[in-house]
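Input: a single structure, listed below in structure tokens.
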Amino acid sequence: MNYQELIPQRLDIFAFIIFLGIVQGFFFSIFLLKKSNRLNPKNTFLGLFLLINAVVLLEVFLCYSGLIVHTLWLVDYSEPTNFLSGPILYFLILSFIGRELPKRKILHYLPFVFYTLYMVFFFVQGQDYKFNAYVDAYYPAMEKLDYQEIIDPDPLGIKAYINPISVIYTLIYILFSLKAIVDAVKTGGLKLFKGATKDIRWLTYFLLLGLVNFTFWFVKSFTGLRDVQDHMSAVLETVIIYFVGYKILSDRLSGVKNGSKYARSSLTQERKDQIGGRLETLMNQEQVFLDSELSLAALSQKVGTSNHHVSQYLNEIIGKSFQDYINELRIDEAKKILLEQEHLKIEEVAEMAGFNSKSTFNTAFKKVSGQTPSEFRDTRQ
């Protein structure tokens with residue numbers, strides 16, 4: 001069957017915009033998910049978010065342009081990501097506002113895994129069946145082909161209602177995310193617009209764009225609109241990818257500007273990866289930051305490299321000075337102690353978190369969280 005004779009091919013401005021979004025989405029996701037960048041969870045979840053959107057946009061591009069007739073095995077291949085975008089967005093927001101991720105993150109991925117396996121019933125169908133599935137979504141008035149099912153493609157009836165199910169599922173995570181932000185605003189001194197940090201201000205605009213796109217998806221799913229309107233949603237997703245790309249480029253250029261003193265450094269990418277892995281072990285497992293005598297020289301010795309290379313890594317990859325990097329880790333630990341051991345005095349908490357004095361602790365705590373340790377404890381009680 002020559003399917004392309006039945007489907008018009010269109011490569012218009014919408015297809016061009018979506019294609020650019022796909023290219024940028026894959027490019028920046030690969031960059032953010034490099035081993036050296038994954039030390040920062042913000043990079044990990046932002047990279048996964050871009051990857052998911054690029055995967056979805058690729059299918060929309062193929063379907064909208066009609067090129068899907070050349071690769072019918074890709075029909076609906078991105079559908080399982082409907083159960084992945086919500087958790088990833090939630091984890092992304094938690095990482096940006098400095099909240100702990102759920103201890104059992106894997107549980108949030110189970111619906112995605114289940115639906116991916118469930119889609120096997122659809123994936124094993126013949127090309128004529130998949131052609132009809134595509135036509136039903138994009139050209140509902142077109143006559144369908146005769147076909148024979150290999151097996152029931154939707155034994156539980158889930159796929160027939162995938163759009164509203166996915167919307168409700170994603171909405172749950174959006175509500176989780178909004179609650180986390182509200183809690184952070186109330187108890188952590190977080191500001192979203194005026195007085196907000198660069199990262200938080202960017203996150204606020206990112207969320208506003210995302211809510212616009214979600215609203216379109218919601219309306220489409222509950223008003224009878226079909227996938228033929230997906231190209232409009234895809235354009236909105238492309239705008240979000242452009243917005244994320246702008247942040248990555250601006251941050252990268254700022255890093256290049258601030259890191260010009262490392263222009264002649266001998267630090268290779270391979271060595272950066274090694275330093276990143278060693279730092280992750282030292283901080284997450286050994287918690288060396290709790291040592292009040294820890295210095296750049298002492299940390300470099302533990303890493304097994306020079307002071308200059310550790311400093312370069314922290315500035316270029318983490319985007320922080322040694323002292324800011326260590327202090328933020330200590331403040332995170334102090335917050336846990338303040339909430340879990342309310343009987344302790346502030347001086348005791350400071351010492352347990354790795355600070356030499358109460359005054360230094362107070363100054364660092366307010367710089368990171370916008371509150372003094374006492375204010376933080378009082379607002380969380």
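Lettering and numbering for the structure tokens are positional, with chains as A, B, ... in the shown order, residues counted from 1 in each chain, and ligands counted from 1 in the shown order.
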
Shell around A:Leu89 at 8 Å using only C-alpha atoms, local window under 5 positions removed, as number ranges by chain: A: 45, 49, 173-174, 177

Kindly save the residues from that selection, with C-alpha atoms included, as a PDB file, in the first residue's frame.
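As a result, out-v4.pdb now contains:
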ATOM      1  CA  PHE A  45      15.446  17.262  35.437  1.00  0.00           C
ATOM      2  CA  PHE A  49      12.037  17.769  30.558  1.00  0.00           C
ATOM      3  CA  TYR A 173       1.530  16.882  39.697  1.00  0.00           C
ATOM      4  CA  ILE A 174       0.907  20.496  38.791  1.00  0.00           C
ATOM      5  CA  SER A 177       4.202  21.618  42.325  1.00  0.00           C
TER       6      SER A 177
END

DSSP-assigned alpha helix (DSSP H) among stretch 106-339 of chain A, expressed as JSON, numbers by chain: {"A": [106, 107, 108, 109, 110, 111, 112, 113, 114, 115, 116, 117, 118, 120, 121, 122, 123, 127, 128, 129, 130, 131, 132, 133, 134, 135, 136, 137, 138, 162, 163, 164, 165, 166, 167, 168, 169, 170, 171, 172, 173, 174, 175, 176, 177, 178, 179, 180, 181, 182, 183, 184, 185, 186, 187, 198, 199, 200, 201, 202, 203, 204, 205, 206, 207, 208, 209, 210, 211, 212, 213, 214, 215, 216, 217, 218, 219, 220, 221, 222, 230, 231, 232, 233, 234, 235, 236, 237, 238, 239, 240, 241, 242, 243, 244, 245, 246, 247, 248, 249, 250, 251, 252, 253, 254, 255, 256, 257, 258, 269, 270, 271, 272, 273, 274, 275, 276, 277, 278, 279, 280, 281, 282, 283, 284, 296, 297, 298, 299, 300, 301, 302, 303, 307, 308, 309, 310, 311, 312, 313, 322, 323, 324, 325, 326, 327, 328, 329, 330, 331, 332, 333, 334, 335, 336, 337, 338, 339]}

Output for the residues just chosen: C-alpha atoms as a short mmCIF file (atom, residue, chain, number, x, y, z; two decimals), in the first residue's frame:
data_model
loop_
_atom_site.label_atom_id
_atom_site.label_comp_id
_atom_site.auth_asym_id
_atom_site.auth_seq_id
_atom_site.Cartn_x
_atom_site.Cartn_y
_atom_site.Cartn_z
CA ILE A 106 10.90 5.39 41.39
CA LEU A 107 7.26 5.00 42.47
CA HIS A 108 6.38 8.12 40.49
CA TYR A 109 7.70 6.47 37.33
CA LEU A 110 5.61 3.29 37.63
CA PRO A 111 2.57 4.58 35.65
CA PHE A 112 4.93 5.47 32.78
CA VAL A 113 6.52 2.01 32.89
CA PHE A 114 3.12 0.30 33.06
CA TYR A 115 1.67 2.24 30.13
CA THR A 116 4.81 1.72 28.03
CA LEU A 117 4.38 -2.05 28.48
CA TYR A 118 0.63 -1.74 27.86
CA VAL A 120 2.88 -3.26 23.26
CA PHE A 121 -0.69 -4.37 22.42
CA PHE A 122 -0.83 -1.40 20.03
CA PHE A 123 2.75 -1.54 18.75
CA GLN A 127 0.70 -0.96 9.36
CA ASP A 128 -2.87 -0.67 8.07
CA TYR A 129 -4.16 -0.54 11.65
CA LYS A 130 -1.64 2.17 12.59
CA PHE A 131 -2.46 4.10 9.43
CA ASN A 132 -6.13 4.07 10.46
CA ALA A 133 -5.19 5.25 13.96
CA TYR A 134 -3.30 8.19 12.45
CA VAL A 135 -6.08 9.01 9.99
CA ASP A 136 -8.73 8.82 12.71
CA ALA A 137 -6.87 11.50 14.67
CA TYR A 138 -5.79 13.85 11.87
CA ILE A 162 -5.79 8.43 27.22
CA ASN A 163 -6.11 12.20 26.78
CA PRO A 164 -8.42 12.95 29.74
CA ILE A 165 -6.59 10.38 31.90
CA SER A 166 -3.25 12.01 31.07
CA VAL A 167 -4.56 15.51 31.70
CA ILE A 168 -5.91 14.58 35.13
CA TYR A 169 -2.70 12.72 35.99
CA THR A 170 -0.55 15.70 34.98
CA LEU A 171 -2.87 18.09 36.82
CA ILE A 172 -2.19 16.19 40.06
CA TYR A 173 1.53 16.88 39.70
CA ILE A 174 0.91 20.50 38.79
CA LEU A 175 -1.05 20.85 42.03
CA PHE A 176 1.80 19.15 43.93
CA SER A 177 4.20 21.62 42.33
CA LEU A 178 2.09 24.66 43.16
CA LYS A 179 1.76 23.49 46.76
CA ALA A 180 5.54 23.10 47.02
CA ILE A 181 5.99 26.63 45.71
CA VAL A 182 3.36 28.07 48.08
CA ASP A 183 5.02 26.29 51.03
CA ALA A 184 8.39 27.63 49.98
CA VAL A 185 7.01 31.16 49.72
CA LYS A 186 5.42 30.94 53.18
CA THR A 187 8.17 29.21 55.11
CA LYS A 198 17.61 34.81 38.82
CA ASP A 199 16.80 31.08 38.88
CA ILE A 200 13.48 31.48 40.73
CA ARG A 201 12.37 34.40 38.56
CA TRP A 202 13.10 32.31 35.46
CA LEU A 203 11.22 29.36 36.97
CA THR A 204 8.16 31.56 37.55
CA TYR A 205 7.96 32.59 33.91
CA PHE A 206 8.65 29.02 32.84
CA LEU A 207 5.67 27.84 34.90
CA LEU A 208 3.40 30.52 33.46
CA LEU A 209 4.25 29.39 29.93
CA GLY A 210 3.70 25.78 30.95
CA LEU A 211 0.27 26.59 32.44
CA VAL A 212 -0.79 28.23 29.17
CA ASN A 213 0.18 25.10 27.27
CA PHE A 214 -1.51 22.84 29.82
CA THR A 215 -4.72 24.91 29.57
CA PHE A 216 -4.77 24.35 25.81
CA TRP A 217 -4.25 20.61 26.33
CA PHE A 218 -7.01 20.54 28.96
CA VAL A 219 -9.50 22.33 26.70
CA LYS A 220 -8.61 20.11 23.75
CA SER A 221 -9.07 16.95 25.78
CA PHE A 222 -12.47 17.84 27.26
CA ASP A 230 -1.77 19.31 18.14
CA HIS A 231 0.38 21.57 15.98
CA MET A 232 -0.85 24.59 17.96
CA SER A 233 0.12 22.95 21.25
CA ALA A 234 3.43 21.94 19.65
CA VAL A 235 4.18 25.56 18.80
CA LEU A 236 3.59 26.47 22.47
CA GLU A 237 5.93 23.65 23.55
CA THR A 238 8.49 24.94 21.06
CA VAL A 239 8.29 28.41 22.61
CA ILE A 240 8.95 26.81 26.03
CA ILE A 241 11.98 24.97 24.61
CA TYR A 242 13.28 28.24 23.15
CA PHE A 243 12.79 29.86 26.57
CA VAL A 244 14.73 27.08 28.30
CA GLY A 245 17.43 27.25 25.64
CA TYR A 246 17.82 30.97 26.20
CA LYS A 247 18.44 30.35 29.90
CA ILE A 248 21.01 27.66 29.20
CA LEU A 249 22.85 29.86 26.71
CA SER A 250 22.75 32.95 28.93
CA ASP A 251 24.01 30.98 31.92
CA ARG A 252 26.70 29.37 29.81
CA LEU A 253 27.85 32.71 28.37
CA SER A 254 27.90 34.21 31.85
CA GLY A 255 29.99 31.28 32.98
CA VAL A 256 32.42 31.81 30.11
CA LYS A 257 32.68 35.50 30.95
CA ASN A 258 33.21 34.84 34.66
CA GLN A 269 36.43 17.11 30.16
CA GLU A 270 37.38 13.61 31.30
CA ARG A 271 39.00 15.04 34.43
CA LYS A 272 35.92 17.20 35.07
CA ASP A 273 33.78 14.06 35.03
CA GLN A 274 36.11 12.41 37.52
CA ILE A 275 36.06 15.43 39.83
CA GLY A 276 32.26 15.56 39.64
CA GLY A 277 31.91 11.92 40.57
CA ARG A 278 34.34 12.22 43.46
CA LEU A 279 32.61 15.35 44.81
CA GLU A 280 29.25 13.61 44.66
CA THR A 281 30.63 10.78 46.82
CA LEU A 282 32.33 13.12 49.27
CA MET A 283 29.25 15.29 49.75
CA ASN A 284 26.37 12.82 49.54
CA LEU A 296 39.54 24.27 49.47
CA ALA A 297 42.98 22.74 49.92
CA ALA A 298 41.66 19.94 52.14
CA LEU A 299 38.80 19.20 49.75
CA SER A 300 41.17 19.18 46.77
CA GLN A 301 43.38 16.67 48.55
CA LYS A 302 40.38 14.39 49.12
CA VAL A 303 39.36 14.75 45.48
CA ASN A 307 43.03 23.57 44.27
CA HIS A 308 42.85 25.32 40.92
CA HIS A 309 41.02 22.45 39.22
CA VAL A 310 38.47 22.03 42.01
CA SER A 311 37.84 25.77 42.04
CA GLN A 312 37.47 25.77 38.26
CA TYR A 313 35.03 22.87 38.38
CA PHE A 322 33.88 26.97 47.10
CA GLN A 323 32.45 28.77 50.14
CA ASP A 324 28.97 29.20 48.65
CA TYR A 325 28.93 25.56 47.57
CA ILE A 326 29.86 24.28 51.04
CA ASN A 327 27.60 26.73 52.86
CA GLU A 328 24.53 25.70 50.87
CA LEU A 329 25.15 22.06 51.73
CA ARG A 330 25.59 23.00 55.40
CA ILE A 331 22.41 25.08 55.39
CA ASP A 332 20.41 22.19 53.93
CA GLU A 333 21.72 19.99 56.74
CA ALA A 334 20.98 22.69 59.33
CA LYS A 335 17.37 22.93 58.16
CA LYS A 336 16.90 19.21 58.77
CA ILE A 337 18.39 19.49 62.25
CA LEU A 338 16.29 22.55 63.12
CA LEU A 339 13.10 20.70 62.23
#

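For the pair atom CA of A:Pro87 and atom CA of A:Asn37, the interatomic distance is 20.5 Å.
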
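The residue that comes closest to A:Gly126, out of A:Ile97, A:Trp73, A:Ala160, A:Thr305 and on the basis of only C-alpha atoms, is A:Trp73.
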
For stretch 62-66 of chain A: contacts at 7 Å, only C-alpha atoms, fewer than 4 positions along chain excluded, given as a PyMOL selection string: chain A and resi 7-11+15+58+231

Who sits within 8 Å of A:Leu57, only C-alpha atoms, same chain under 2 positions skipped, as an MDAnalysis selection string: chainID A and resid 18:19 21:22 53:55 59:61 234 237

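Distance annotation: of A:Ala141, A:Val56, A:Leu314, A:Ala353, the residue with the minimal separation from A:Leu74 is A:Val56; atom set is only C-alpha atoms.
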
Shortest interatomic distance to A:Leu51 - which of A:Gln24, A:Asn315, A:Leu294, A:Phe376, counting only C-alpha atoms: A:Gln24

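Here the question is which of A:Thr44, A:Leu50, A:Tyr139, A:Glu375 gets nearest to A:Val23 using only C-alpha atoms, and that residue is A:Leu50.
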
For A:Phe26, the nearest of the candidates A:Ile52, A:Ile317, A:Asn2, A:Asn40, counting only C-alpha atoms: A:Ile52

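A straight line drawn from atom CA of A:Leu101 to atom CA of A:Glu286 is 19.5 Å long.
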